[in-house]
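Colleague: This is protein.txt, which holds compact mmCIF, C-alpha atoms and all ligand atoms:
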# COMPACT_ATOMS: atom_id res chain seq x y z
CA MET A 27 98.63 62.46 7.76
CA ASN A 28 99.88 63.95 4.51
CA ILE A 29 96.89 64.49 2.24
CA ASN A 30 99.05 65.08 -0.82
CA LYS A 31 98.22 61.74 -2.37
CA ASP A 32 97.39 62.89 -5.87
CA LYS A 33 98.30 60.04 -8.17
CA ASP A 34 97.42 61.10 -11.67
CA TYR A 35 98.05 64.85 -11.86
CA MET A 36 96.82 65.16 -15.42
CA ALA A 37 93.55 63.43 -14.61
CA ASP A 38 93.11 65.72 -11.62
CA VAL A 39 93.61 68.85 -13.70
CA ASP A 40 91.20 67.57 -16.37
CA TYR A 41 88.62 66.74 -13.72
CA PHE A 42 88.75 70.13 -12.00
CA ILE A 43 88.79 72.08 -15.25
CA GLU A 44 85.81 70.16 -16.53
CA ARG A 45 83.85 70.73 -13.32
CA PHE A 46 84.96 74.23 -12.32
CA GLY A 47 86.66 75.71 -15.38
CA ALA A 48 83.54 77.67 -16.28
CA SER A 49 83.25 79.30 -12.86
CA LEU A 50 86.93 79.81 -12.07
CA SER A 51 88.62 79.66 -15.51
CA PRO A 52 91.01 76.90 -16.62
CA GLU A 53 93.84 79.40 -16.21
CA ALA A 54 93.21 79.82 -12.48
CA ILE A 55 93.06 76.06 -11.90
CA ILE A 56 96.25 75.30 -13.84
CA LYS A 57 98.01 78.21 -12.15
CA GLU A 58 97.20 76.93 -8.66
CA ASP A 59 98.43 73.48 -9.59
CA ILE A 60 101.71 74.83 -10.92
CA LEU A 61 102.23 77.13 -7.94
CA ARG A 62 101.60 74.40 -5.40
CA GLN A 63 103.88 71.86 -7.10
CA GLY A 64 106.57 74.12 -8.51
CA ILE A 65 108.35 73.66 -11.81
CA SER A 66 111.38 71.74 -12.97
CA PHE A 67 113.46 72.75 -15.97
CA GLY A 68 114.90 70.30 -18.45
CA ASP A 69 118.07 72.36 -18.59
CA GLU A 70 119.07 75.70 -17.21
CA PRO A 71 117.78 78.23 -19.75
CA THR A 72 120.72 79.72 -21.57
CA GLY A 73 121.25 82.61 -23.92
CA GLU A 74 117.83 84.00 -23.10
CA ASN A 75 117.12 87.61 -22.28
CA PHE A 76 114.80 87.17 -19.32
CA SER A 77 114.41 88.54 -15.81
CA SER A 78 115.93 85.98 -13.47
CA LYS A 79 114.83 85.08 -9.98
CA SER A 80 115.98 87.84 -7.64
CA TYR A 81 115.15 85.94 -4.43
CA PHE A 82 113.51 89.17 -3.40
CA ILE A 83 112.36 88.08 0.07
CA PHE A 84 111.93 84.31 0.49
CA SER A 85 113.41 81.69 -1.78
CA PHE A 86 110.01 80.63 -3.14
CA ASN A 87 111.73 77.41 -4.22
CA VAL A 88 110.96 73.94 -2.97
CA ASP A 89 114.59 72.99 -3.67
CA ASN A 90 117.31 75.39 -2.60
CA ASP A 91 120.60 73.53 -2.87
CA GLY A 92 123.57 74.86 -4.80
CA SER A 93 122.48 73.10 -7.97
CA VAL A 94 119.42 75.38 -7.98
CA ILE A 95 120.44 78.72 -6.56
CA ASN A 96 123.63 78.98 -8.60
CA LYS A 97 121.66 78.70 -11.82
CA LYS A 98 119.63 81.33 -13.59
CA TYR A 99 115.90 80.67 -13.79
CA PRO A 100 113.16 83.13 -14.75
CA GLU A 101 111.36 85.04 -11.99
CA GLU A 102 108.06 84.25 -13.67
CA ILE A 103 106.75 82.51 -16.73
CA SER A 104 103.61 83.03 -18.71
CA VAL A 105 101.82 80.08 -20.25
CA LYS A 106 99.56 80.30 -23.28
CA ASN A 107 97.64 78.11 -25.73
CA GLY A 108 97.85 74.34 -25.37
CA PRO A 109 94.93 71.90 -25.03
CA TYR A 110 93.01 74.24 -22.69
CA ASN A 111 93.45 77.27 -24.96
CA LEU A 112 95.01 79.16 -22.10
CA ARG A 113 95.05 82.90 -22.22
CA ARG A 114 98.33 84.43 -21.01
CA THR A 115 98.76 83.21 -17.44
CA ILE A 116 101.58 84.68 -15.34
CA ILE A 117 103.04 82.32 -12.78
CA SER A 118 105.84 82.73 -10.23
CA VAL A 119 108.64 80.20 -10.80
CA ARG A 120 109.22 77.90 -7.84
CA ILE A 121 111.92 75.40 -8.55
CA ASN A 122 111.07 71.84 -7.54
CA LYS A 123 113.41 69.34 -9.12
CA THR A 124 110.83 66.56 -8.89
CA SER A 125 107.78 68.53 -9.99
CA PRO A 126 105.57 66.82 -12.56
CA TYR A 127 105.51 70.20 -14.36
CA LYS A 128 108.53 70.52 -16.59
CA VAL A 129 109.65 73.35 -18.87
CA LYS A 130 111.66 72.12 -21.84
CA LEU A 131 113.13 73.66 -24.93
CA ASP A 132 111.46 72.24 -28.01
CA PRO A 133 114.32 71.69 -30.48
CA ALA A 134 112.04 71.89 -33.53
CA SER A 135 110.67 75.35 -32.80
CA ASN A 136 113.43 76.49 -30.44
CA GLU A 137 110.66 77.62 -28.07
CA TYR A 138 109.98 76.67 -24.49
CA LYS A 139 106.99 74.45 -23.68
CA LEU A 140 105.36 73.31 -20.45
CA TYR A 141 104.54 69.64 -19.88
CA LEU A 142 102.65 67.90 -17.11
CA GLU A 143 103.84 64.31 -16.81
CA GLY A 144 104.90 64.53 -20.43
CA ASN A 145 101.59 66.02 -21.64
CA PHE A 146 101.84 69.35 -23.44
CA ILE A 147 100.18 72.13 -21.42
CA GLY A 148 101.18 75.32 -23.22
CA ASP A 149 103.78 77.61 -24.75
CA VAL A 150 106.08 79.24 -22.24
CA PHE A 151 107.45 82.78 -22.18
CA PHE A 152 109.91 84.09 -19.61
CA SER A 153 109.48 87.32 -17.64
CA PRO A 154 111.03 90.05 -19.76
CA GLU A 155 114.26 91.64 -18.63
CA LYS A 156 113.84 95.35 -17.97
CA SER A 157 116.68 97.71 -18.75
CA TYR A 158 116.77 99.11 -15.22
CA MET A 159 117.37 95.73 -13.59
CA LEU A 160 120.90 95.67 -14.98
CA LYS A 161 121.81 99.16 -13.76
CA LYS A 162 123.57 100.13 -10.54
CA THR A 163 122.62 102.53 -7.76
CA GLY A 164 124.91 105.38 -6.79
CA SER A 165 126.66 103.10 -4.28
CA GLY A 166 127.19 100.37 -6.87
CA LYS A 167 124.38 97.98 -5.85
CA SER A 168 122.35 96.32 -8.57
CA VAL A 169 118.76 97.44 -9.06
CA ARG A 170 117.81 93.74 -9.28
CA ASP A 171 118.96 93.36 -5.68
CA VAL A 172 117.68 96.67 -4.29
CA ALA A 173 114.37 97.19 -6.10
CA PRO A 174 113.45 94.27 -8.38
CA THR A 175 110.13 94.24 -10.16
CA ILE A 176 107.88 91.21 -10.20
CA GLU A 177 104.37 90.52 -11.55
CA TRP A 178 105.66 91.05 -15.09
CA GLY A 179 106.98 94.49 -14.15
CA TYR A 180 103.84 95.74 -12.35
CA LEU A 181 105.18 95.71 -8.77
CA ILE A 182 108.45 97.10 -7.39
CA TYR A 183 109.39 94.89 -4.47
CA LEU A 184 111.29 96.73 -1.74
CA ALA A 185 112.28 94.14 0.87
CA VAL A 186 114.43 96.45 2.94
CA PHE A 187 115.05 94.13 5.91
CA ARG A 188 115.64 90.53 4.86
CA MET A 189 116.30 89.12 8.32
CA CYS A 190 113.26 88.63 10.55
CA GLN A 191 113.86 88.98 14.28
CA TYR A 192 111.44 86.17 15.03
CA PHE A 193 114.16 83.77 13.86
CA GLU A 194 116.50 85.04 16.55
CA ASN A 195 113.93 83.97 19.12
CA HIS A 196 113.22 80.66 17.35
CA THR A 197 109.67 81.85 16.92
CA GLU A 198 109.65 82.28 13.15
CA CYS A 199 106.58 81.30 11.17
CA ALA A 200 106.94 77.61 10.37
CA PHE A 201 106.40 78.08 6.62
CA CYS A 202 108.98 80.89 6.31
CA ASP A 203 112.55 80.58 5.00
CA MET A 204 113.52 84.25 5.04
CA ASN A 205 116.69 84.00 7.12
CA SER A 206 117.95 80.76 5.57
CA ASN A 207 117.27 82.25 2.14
CA TYR A 208 119.45 85.20 3.11
CA VAL A 209 122.28 82.91 4.25
CA ASN A 210 122.07 80.80 1.06
CA GLN A 211 121.88 83.80 -1.21
CA LYS A 212 124.79 85.48 0.51
CA LYS A 213 126.91 82.40 -0.24
CA ALA A 214 125.91 82.48 -3.88
CA ASN A 215 126.09 86.25 -4.31
CA LYS A 216 128.19 88.35 -1.97
CA ASN A 217 126.30 91.48 -2.98
CA TYR A 218 122.95 90.15 -1.72
CA SER A 219 121.98 92.57 1.04
CA ALA A 220 120.12 91.99 4.31
CA VAL A 221 119.41 95.61 5.17
CA LYS A 222 119.00 98.22 2.48
CA SER A 223 119.70 101.90 2.82
CA VAL A 224 117.28 104.73 2.08
CA GLY A 225 119.87 106.14 -0.32
CA ASP A 226 120.04 102.94 -2.36
CA ILE A 227 116.25 102.65 -2.50
CA ILE A 228 115.87 106.22 -3.75
CA SER A 229 118.66 105.76 -6.25
CA ALA A 230 117.15 102.52 -7.60
CA LEU A 231 113.68 104.05 -7.82
CA SER A 232 115.07 107.05 -9.68
CA ILE A 233 116.56 104.66 -12.24
CA ILE A 234 113.24 102.83 -12.60
CA GLU A 235 111.30 106.09 -12.84
CA SER A 236 113.42 107.31 -15.72
CA SER A 237 113.46 103.99 -17.63
CA GLU A 238 111.34 103.95 -20.74
CA ASP A 239 110.47 100.29 -20.36
CA SER A 240 109.20 100.61 -16.79
CA GLU A 241 105.56 99.58 -16.41
CA ALA A 242 105.54 99.59 -12.62
CA LYS A 243 102.32 100.83 -11.03
CA ALA A 244 102.87 99.99 -7.36
CA TYR A 245 105.52 99.24 -4.80
CA THR A 246 105.57 97.06 -1.74
CA LEU A 247 107.70 98.14 1.21
CA THR A 248 108.36 95.15 3.39
CA GLY A 249 110.79 93.01 5.31
CA GLY A 250 111.09 90.85 8.39
CA SER A 251 109.55 91.79 11.69
CA ILE A 252 111.34 94.10 14.10
CA ILE A 253 110.24 93.33 17.64
CA ASP A 254 109.48 96.52 19.51
CA GLU A 255 111.04 95.28 22.76
CA ILE A 256 114.27 94.49 20.91
CA LYS A 257 114.45 97.18 18.18
CA PHE A 258 116.92 97.32 15.31
CA LYS A 259 119.78 99.75 15.87
CA GLY A 260 117.51 101.68 18.22
CA ASP A 261 114.59 101.79 15.80
CA THR A 262 111.17 100.32 16.39
CA GLU A 263 109.57 98.65 13.37
CA ILE A 264 107.57 101.78 12.62
CA ASP A 265 110.60 104.09 12.99
CA PHE A 266 112.50 101.89 10.56
CA TYR A 267 109.89 101.59 7.80
CA VAL A 268 108.55 105.15 8.11
CA ARG A 269 112.00 106.50 7.22
CA PHE A 270 111.86 104.69 3.86
CA LEU A 271 108.26 105.64 3.22
CA GLU A 272 108.83 109.32 3.90
CA ALA A 273 111.84 109.46 1.61
CA ILE A 274 110.06 107.61 -1.21
CA GLU A 275 106.87 109.60 -0.96
CA GLU A 276 108.67 112.90 -0.69
CA LYS A 277 110.45 112.27 -3.97
CA PHE A 278 107.93 110.21 -5.96
CA ARG A 279 104.49 110.95 -4.47
CA GLY A 280 101.73 109.80 -6.82
CA LYS A 281 104.07 107.89 -9.09
CA TRP A 282 103.30 104.44 -7.66
CA LEU A 283 100.63 103.12 -5.32
CA SER A 284 102.25 102.29 -1.98
CA LYS A 285 101.71 99.08 -0.03
CA VAL A 286 103.34 98.41 3.32
CA VAL A 287 103.74 95.02 4.99
CA VAL A 288 104.47 95.16 8.72
CA GLN A 289 103.16 93.55 11.91
CA ALA A 290 99.77 94.41 13.43
CA HIS A 291 100.22 97.79 15.06
CA THR A 292 98.37 100.20 17.32
CA GLN A 293 96.34 102.96 15.73
CA LYS A 294 98.94 105.50 16.83
CA ASN A 295 101.60 103.63 14.84
CA LEU A 296 99.29 103.12 11.88
CA LYS A 297 98.62 106.84 11.74
CA ARG A 298 102.37 107.40 11.44
CA LEU A 299 102.48 104.99 8.50
CA LYS A 300 99.47 106.59 6.90
CA SER A 301 100.78 110.13 7.22
CA ALA A 302 104.15 109.00 5.83
CA GLY A 303 102.36 107.87 2.66
CA ALA A 304 101.20 104.26 3.13
CA TYR A 305 98.08 103.65 1.03
CA ILE A 306 97.48 99.91 1.46
CA TYR A 307 98.22 98.22 4.78
CA HIS A 308 99.15 94.55 4.72
CA THR A 309 99.48 92.88 8.05
CA ASN A 310 99.59 89.24 7.28
CA PHE A 311 97.48 86.86 9.30
CA GLU A 312 98.79 83.66 7.65
CA VAL A 313 96.33 81.11 9.10
CA TRP A 314 92.94 81.56 10.72
CA ASP A 315 92.52 78.57 13.04
CA LYS A 316 93.45 79.56 16.61
CA ASN A 317 95.48 76.45 17.39
CA LEU A 318 97.30 76.57 14.05
CA PHE A 319 98.04 80.27 14.39
CA GLU A 320 99.71 79.62 17.74
CA LYS A 321 101.64 76.61 16.48
CA ILE A 322 102.63 77.89 13.03
CA CYS A 323 103.12 81.56 13.92
CA PRO A 324 104.70 81.42 17.40
CA GLY A 325 106.36 84.83 17.06
CA LYS A 326 103.16 86.57 16.09
CA SER A 327 101.42 84.78 18.96
CA LYS A 328 104.09 85.59 21.51
CA PHE A 329 104.87 89.19 20.67
CA ILE A 330 101.39 90.41 19.72
CA GLY A 331 98.84 87.62 20.08
CA ARG A 332 96.06 86.38 17.83
CA ASP A 333 93.18 88.35 19.37
CA LYS A 334 95.12 91.60 19.29
CA TRP A 335 96.27 90.90 15.73
CA ILE A 336 92.66 90.44 14.61
CA LYS A 337 91.46 93.54 16.45
CA ARG A 338 94.25 95.65 14.97
CA ILE A 339 93.41 94.50 11.44
CA VAL A 340 89.80 95.53 11.90
CA ASP A 341 90.70 98.80 13.64
CA ALA A 342 93.10 99.64 10.80
CA VAL A 343 90.12 100.24 8.51
CA SER A 344 89.39 103.48 10.35
CA VAL A 345 92.94 104.67 9.54
CA PHE A 346 93.42 103.45 5.95
CA GLY A 347 89.80 103.25 4.83
CA GLU A 348 87.54 100.45 3.64
CA TYR A 349 89.18 97.86 1.35
CA LYS A 350 92.66 99.25 1.96
CA VAL A 351 93.57 96.78 4.67
CA ILE A 352 94.64 93.53 3.03
CA PRO A 353 95.99 90.76 5.27
CA ASN A 354 97.50 87.72 3.60
CA PHE A 355 96.86 84.06 4.30
CA VAL A 356 99.37 81.39 3.30
CA ALA A 357 96.88 79.03 1.73
CA GLY A 358 97.61 75.36 2.23
CA ILE A 359 99.44 75.42 5.56
CA GLU A 360 96.17 74.47 7.28
CA LEU A 361 96.86 70.97 5.91
CA SER A 362 100.50 70.78 6.96
CA GLU A 363 101.88 68.23 9.38
CA PRO A 364 102.06 67.84 12.31
CA TYR A 365 99.35 70.28 13.47
CA GLY A 366 97.12 70.76 10.45
CA PHE A 367 93.66 69.53 9.56
CA MET A 368 93.23 65.97 8.30
CA ASP A 369 90.42 66.88 5.96
CA ILE A 370 90.36 69.28 3.01
CA ASP A 371 86.87 70.61 3.74
CA ASP A 372 87.76 71.31 7.37
CA ALA A 373 90.76 73.33 6.17
CA VAL A 374 88.74 75.31 3.63
CA ASN A 375 85.91 75.92 6.11
CA SER A 376 88.33 77.19 8.73
CA THR A 377 89.96 79.68 6.38
CA ALA A 378 86.56 80.64 4.98
CA GLU A 379 85.48 81.60 8.50
CA GLY A 380 88.40 84.03 8.64
CA LEU A 381 87.74 85.37 5.15
CA ASP A 382 84.07 85.88 5.98
CA PHE A 383 84.88 87.66 9.23
CA PHE A 384 87.36 90.07 7.66
CA MET A 385 85.32 90.71 4.52
CA SER A 386 82.29 91.59 6.68
CA LYS A 387 84.41 94.36 8.24
CA GLY A 388 85.55 96.10 5.05
CA VAL A 389 88.88 94.24 5.00
CA ILE A 390 89.89 92.30 1.86
CA PRO A 391 91.98 89.31 2.89
CA ARG A 392 93.88 87.66 0.07
CA TYR A 393 96.10 84.63 -0.11
CA THR A 394 99.29 83.32 -1.59
CA THR A 395 99.68 79.68 -2.51
CA TRP A 396 101.98 77.93 -0.05
CA CYS A 397 105.38 76.93 -1.43
CA PRO A 398 106.73 74.23 0.93
CA GLU A 399 110.36 75.31 0.86
CA LYS A 400 112.61 72.57 2.18
CA THR A 401 114.55 75.16 4.18
CA SER A 402 111.50 76.19 6.26
CA LYS A 403 110.45 74.41 9.46
CA LEU A 404 107.48 72.82 7.72
CA GLY A 405 109.71 71.82 4.82
CA LYS A 406 112.21 70.19 7.16
CA LEU A 407 109.35 68.14 8.58
CA GLY A 408 108.87 66.65 5.12
CA ASN A 409 105.73 68.55 4.15
CA SER A 410 104.68 68.79 0.56
CA SER A 411 101.99 70.91 -0.99
CA ALA A 412 98.27 70.86 -0.26
CA PRO A 413 96.13 69.10 -2.90
CA LEU A 414 94.64 70.83 -5.92
CA GLU A 415 91.14 70.10 -4.58
CA TYR A 416 91.87 72.37 -1.63
CA TYR A 417 92.91 75.26 -3.89
CA VAL A 418 89.90 74.86 -6.15
CA LYS A 419 87.55 74.91 -3.16
CA LEU A 420 89.33 77.89 -1.65
CA LEU A 421 89.13 79.86 -4.90
CA LEU A 422 85.39 79.15 -5.09
CA LYS A 423 84.91 80.19 -1.48
CA TRP A 424 87.01 83.37 -1.74
CA HIS A 425 85.01 84.56 -4.74
CA GLU A 426 81.67 83.55 -3.22
CA LEU A 427 82.42 85.64 -0.13
CA HIS A 428 83.87 88.53 -2.12
CA TYR A 429 80.65 88.60 -4.13
CA LYS A 430 78.48 88.22 -1.00
CA TYR A 431 79.96 91.39 0.52
CA ASN A 432 79.97 93.22 -2.80
CA LEU A 433 83.63 94.12 -2.48
CA PRO A 434 85.76 95.80 -5.12
CA VAL A 435 88.77 94.24 -6.82
CA PRO A 436 91.58 94.95 -4.36
CA GLU A 437 93.79 97.88 -5.31
CA GLY A 438 97.46 97.32 -5.91
CA TYR A 439 97.11 93.91 -7.53
CA GLY A 440 97.05 94.87 -11.17
CA SER A 441 94.49 93.59 -13.61
CA ALA A 442 91.80 91.06 -12.78
CA GLY A 443 90.53 88.17 -14.85
CA ALA A 444 91.97 85.28 -16.80
CA GLY A 445 94.45 86.40 -19.43
CA LYS A 446 94.96 89.73 -17.69
CA ALA A 447 96.10 89.07 -14.13
CA GLU A 448 99.68 89.94 -13.24
CA PHE A 449 99.61 88.78 -9.62
CA SER A 450 101.79 85.72 -9.79
CA VAL A 451 101.71 83.88 -6.45
CA SER A 452 98.09 82.76 -6.34
CA ALA A 453 95.19 82.67 -8.77
CA PHE A 454 92.62 84.72 -6.89
CA MET A 455 93.05 87.60 -9.38
CA ASP A 456 92.85 85.26 -12.40
CA ALA A 457 89.53 83.83 -11.21
CA PHE A 458 87.56 87.08 -11.42
CA LYS A 459 84.89 86.61 -14.07
CA VAL A 460 84.14 89.18 -16.73
CA GLU A 461 80.45 89.35 -15.71
CA THR A 462 81.39 90.00 -12.09
CA LEU A 463 83.89 92.69 -13.02
CA GLN A 464 81.24 94.53 -15.04
CA ASN A 465 79.04 94.74 -11.95
CA LEU A 466 81.72 96.01 -9.59
S1 LIG A 501 106.84 87.47 10.32
FE1 LIG A 501 106.82 85.28 9.86
S2 LIG A 501 106.54 85.19 7.62
FE2 LIG A 501 107.19 87.27 8.09
S3 LIG A 501 109.40 87.23 7.85
FE3 LIG A 501 108.99 86.84 10.02
S4 LIG A 501 108.93 84.64 10.24
FE4 LIG A 501 108.77 85.11 8.03
What would you get if you wrote out this structure as structure tokens?
Ligand code: SF4
Modeller:
Amino acid sequence: MNINKDKDYMADVDYFIERFGASLSPEAIIKEDILRQGISFGDEPTGENFSSKSYFIFSFNVDNDGSVINKKYPEEISVKNGPYNLRRTIISVRINKTSPYKVKLDPASNEYKLYLEGNFIGDVFFSPEKSYMLKKTGSGKSVRDVAPTIEWGYLIYLAVFRMCQYFENHTECAFCDMNSNYVNQKKANKNYSAVKSVGDIISALSIIESSEDSEAKAYTLTGGSIIDEIKFKGDTEIDFYVRFLEAIEEKFRGKWLSKVVVQAHTQKNLKRLKSAGAYIYHTNFEVWDKNLFEKICPGKSKFIGRDKWIKRIVDAVSVFGEYKVIPNFVAGIELSEPYGFMDIDDAVNSTAEGLDFFMSKGVIPRYTTWCPEKTSKLGKLGNSSAPLEYYVKLLLKWHELHYKYNLPVPEGYGSAGAGKAEFSVSAFMDAFKVETLQNL
């Protein structure tokens, strides 16, 4: 069963903003709806000075054919004003040629506007181009490829290994298009790199550090999984990522908050990461339900296992400290076919059980809004996004539990609250309320 049967998207948005806008903010609700459905553009934006999609790790596009990836679209947009009086809301751009959300150039004002089924939603601004993105590292690679910034310039995204070994075993996560994104990008741009070198990363970071328009506050070091039994050029996953961390922290310690995304590791391995300079540990759990975890994340199940993954997340708190272990969930895949829940509340309740468990242990799980890329396994099965009702209920639940355990705003995610949040791939940061923030 595909629950995505929304018929009148505008009526849905109106309904949820009227009922939950006061608790979550209209910005958070609109943002989730745009993220889940993606955006179409009337025409390829031209002549604009904006930061274009760098395809930094996944495609984060529903549509990925040549007519999309050979064009220049902004990495993010911000939406303001409109009938809901939106405060600046930063949203990752996910191209979906049939999305009901359309960005068009208004010929009268020569400004971009966002429409939902033809209804004006707000004024659109594109992510600003930073001077460093156009520069080259010592080896001639572009900074946009090696160390792009996202979240309106807040986060430097260092995806140093853009080929996950789970794909080689046909055990990739069913929502993931990392390796097909690499293949597609390589066709469109011969300089797109799968494996980055420490030298290029340091060179790109040096350029960013010395750029006057840099506003970066954090970096994420990440990439596909390296399976310990297989290794990559003789390196285990920890050997591989620690080399980057050590080099970065040796040269730039204290300049940016460090976040590392790798598999769930033993405490011995985590201590290596920590002593190399990792501050926040992300080991993504993706989906809580046991059956779904095994079906949707077969590599994680096979090479580590769900119980061990959970235990290692909890144990990681003693290495990194309370609130510094932040596993991600891909919100919405609980409703995907063929294995997912048939009912929205069942899906939310399942994920809420996982959120509650982790939050009770000093872990702050967060989520990204699922983009059903057509090049992923779930996309190939014809899946489309989970309904807006699911995202509204999940936002309510996440904040209820966060409040219940009296947790802080997670570090490394920029500002919190509507009109301030930079985090662009879900609205959990936008939905923090001013009153709550004052009490944290
Ligand atoms: S671990 Fe899963 S989500 Fe991460 S890159 Fe590999 S297949 Fe994709």
Colleague: Name the residues, by chain letter and number, that sit within 7 Å of ligand LIG 501 (chain A) using all atoms listed in the file, and give them as JSON, numbers by chain.
Modeller: {"A": [190, 191, 192, 193, 198, 199, 202, 203, 204, 249, 250, 251, 323, 326]}
Colleague: Which residue gives the smallest distance to A:Glu363 among A:Ala302, A:Trp178, A:Ala230, A:Ala200, with all atoms listed in the file counted?
Modeller: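 Under the stated criterion, the closest residue is A:Ala200.
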Colleague: What's around A:Lys337 at 12 Å? Count all atoms listed in the file, leave out sequence neighbours fewer than 3 positions away in its own chain, and write the answer as a list in words.
Modeller: Ala290, His291, Thr292, Gln293, Thr309, Phe311, Ile330, Gly331, Arg332, Asp333, Lys334, Val340, Asp341, Ala342, Val343, Ser344, Phe383, Phe384, Lys387 and Val389 of chain A
Colleague: Could you give me, as an NGL selection string, the residues within 10 Å of A:Ile83, counting all atoms listed in the file and dropping anything in the same chain fewer than 2 positions from it?
Modeller: :A and (80-81 or 85-86 or 183-189 or 203-205 or 207-208 or 220 or 248-250)
Colleague: How far is it from atom CA of A:Gly405 to atom CA of A:Tyr393, in Å with one decimal?
Modeller: 19.3 Å
Colleague: Which residues, written as a ChimeraX atom specification, have at least one atom at most 7 Å from A:Val351, with only C-alpha atoms counted and residues fewer than 2 positions away on the same chain left out?
Modeller: /A:306-308,342-343,346,349,353,389-390
Colleague: Got time to write the residues from that selection, C-alpha atoms, as an mmCIF file, in the coordinates of the input?
Modeller:
data_model
loop_
_atom_site.group_PDB
_atom_site.id
_atom_site.type_symbol
_atom_site.label_atom_id
_atom_site.label_comp_id
_atom_site.auth_asym_id
_atom_site.auth_seq_id
_atom_site.Cartn_x
_atom_site.Cartn_y
_atom_site.Cartn_z
ATOM 1 C CA ILE A 306 97.480 99.910 1.460
ATOM 2 C CA TYR A 307 98.220 98.220 4.780
ATOM 3 C CA HIS A 308 99.150 94.550 4.720
ATOM 4 C CA ALA A 342 93.100 99.640 10.800
ATOM 5 C CA VAL A 343 90.120 100.240 8.510
ATOM 6 C CA PHE A 346 93.420 103.450 5.950
ATOM 7 C CA TYR A 349 89.180 97.860 1.350
ATOM 8 C CA PRO A 353 95.990 90.760 5.270
ATOM 9 C CA VAL A 389 88.880 94.240 5.000
ATOM 10 C CA ILE A 390 89.890 92.300 1.860
#
Colleague: Pick the closest to A:Ile274 from A:Glu44, A:Glu74, A:Glu235, A:Asp261: which is it, counting all atoms listed in the file?
Modeller: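 Closest candidate: A:Glu235.
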Colleague: Between A:Trp335, A:Tyr138, A:Phe84, A:Tyr180, which has the minimum distance to A:Ser450 (counting all atoms listed in the file)?
Modeller: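 Of A:Trp335, A:Tyr138, A:Phe84, A:Tyr180, the one nearest A:Ser450, counting all atoms listed in the file, is A:Tyr180.
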Colleague: Would you please work out which residue, of A:Ala242, A:Gly445, A:Ser411, A:Val88, is nearest to A:Asn107 when using only C-alpha atoms?
Modeller: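 Of A:Ala242, A:Gly445, A:Ser411, A:Val88, the one nearest A:Asn107 is A:Gly445, counting only C-alpha atoms.
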Colleague: So, counting all atoms listed in the file, which residue among A:Asn90, A:Ser135, A:Asn96, A:Ser77 is closest to A:Arg170?
Modeller: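 Selected residue with least distance to A:Arg170: A:Ser77.
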Colleague: Counting all atoms listed in the file, which of A:Phe258, A:Phe67, A:Phe42, A:Tyr99 gets nearest to A:Lys130?
Modeller: A:Phe67
Colleague: In file coordinates, which residues lie within 12 Å of (125.3, 97.3, -9.1) using all atoms listed in the file, given as a JSON list (two decimals) with C-alpha atoms, keeping the file's coordinate frame?
Modeller:
[["chain", "number", "residue", "atom", "x", "y", "z"],
["A", 158, "TYR", "CA", 116.77, 99.11, -15.22],
["A", 159, "MET", "CA", 117.37, 95.73, -13.59],
["A", 160, "LEU", "CA", 120.90, 95.67, -14.98],
["A", 161, "LYS", "CA", 121.81, 99.16, -13.76],
["A", 162, "LYS", "CA", 123.57, 100.13, -10.54],
["A", 163, "THR", "CA", 122.62, 102.53, -7.76],
["A", 164, "GLY", "CA", 124.91, 105.38, -6.79],
["A", 165, "SER", "CA", 126.66, 103.10, -4.28],
["A", 166, "GLY", "CA", 127.19, 100.37, -6.87],
["A", 167, "LYS", "CA", 124.38, 97.98, -5.85],
["A", 168, "SER", "CA", 122.35, 96.32, -8.57],
["A", 169, "VAL", "CA", 118.76, 97.44, -9.06],
["A", 170, "ARG", "CA", 117.81, 93.74, -9.28],
["A", 171, "ASP", "CA", 118.96, 93.36, -5.68],
["A", 172, "VAL", "CA", 117.68, 96.67, -4.29],
["A", 173, "ALA", "CA", 114.37, 97.19, -6.10],
["A", 216, "LYS", "CA", 128.19, 88.35, -1.97],
["A", 217, "ASN", "CA", 126.30, 91.48, -2.98],
["A", 218, "TYR", "CA", 122.95, 90.15, -1.72],
["A", 219, "SER", "CA", 121.98, 92.57, 1.04],
["A", 226, "ASP", "CA", 120.04, 102.94, -2.36],
["A", 229, "SER", "CA", 118.66, 105.76, -6.25],
["A", 230, "ALA", "CA", 117.15, 102.52, -7.60],
["A", 233, "ILE", "CA", 116.56, 104.66, -12.24]]
Colleague: Missing atoms in stretch 90-94 of chain A should be modelled up to N, CA and C atoms and reported as an mmCIF file, in the frame of the given file.
Modeller:
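So part-v4.cif came out as:
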data_model
loop_
_atom_site.group_PDB
_atom_site.id
_atom_site.type_symbol
_atom_site.label_atom_id
_atom_site.label_comp_id
_atom_site.auth_asym_id
_atom_site.auth_seq_id
_atom_site.Cartn_x
_atom_site.Cartn_y
_atom_site.Cartn_z
ATOM 1 N N ASN A 90 116.434 74.217 -2.738
ATOM 2 C CA ASN A 90 117.310 75.390 -2.600
ATOM 3 C C ASN A 90 118.772 75.041 -2.498
ATOM 4 N N ASP A 91 119.182 73.870 -2.983
ATOM 5 C CA ASP A 91 120.600 73.530 -2.870
ATOM 6 C C ASP A 91 121.382 74.290 -3.944
ATOM 7 N N GLY A 92 122.696 74.133 -3.883
ATOM 8 C CA GLY A 92 123.570 74.860 -4.800
ATOM 9 C C GLY A 92 123.249 74.613 -6.254
ATOM 10 N N SER A 93 122.764 73.414 -6.562
ATOM 11 C CA SER A 93 122.480 73.100 -7.970
ATOM 12 C C SER A 93 121.294 73.921 -8.481
ATOM 13 N N VAL A 94 120.556 74.533 -7.573
ATOM 14 C CA VAL A 94 119.420 75.380 -7.980
ATOM 15 C C VAL A 94 119.799 76.857 -7.906
#
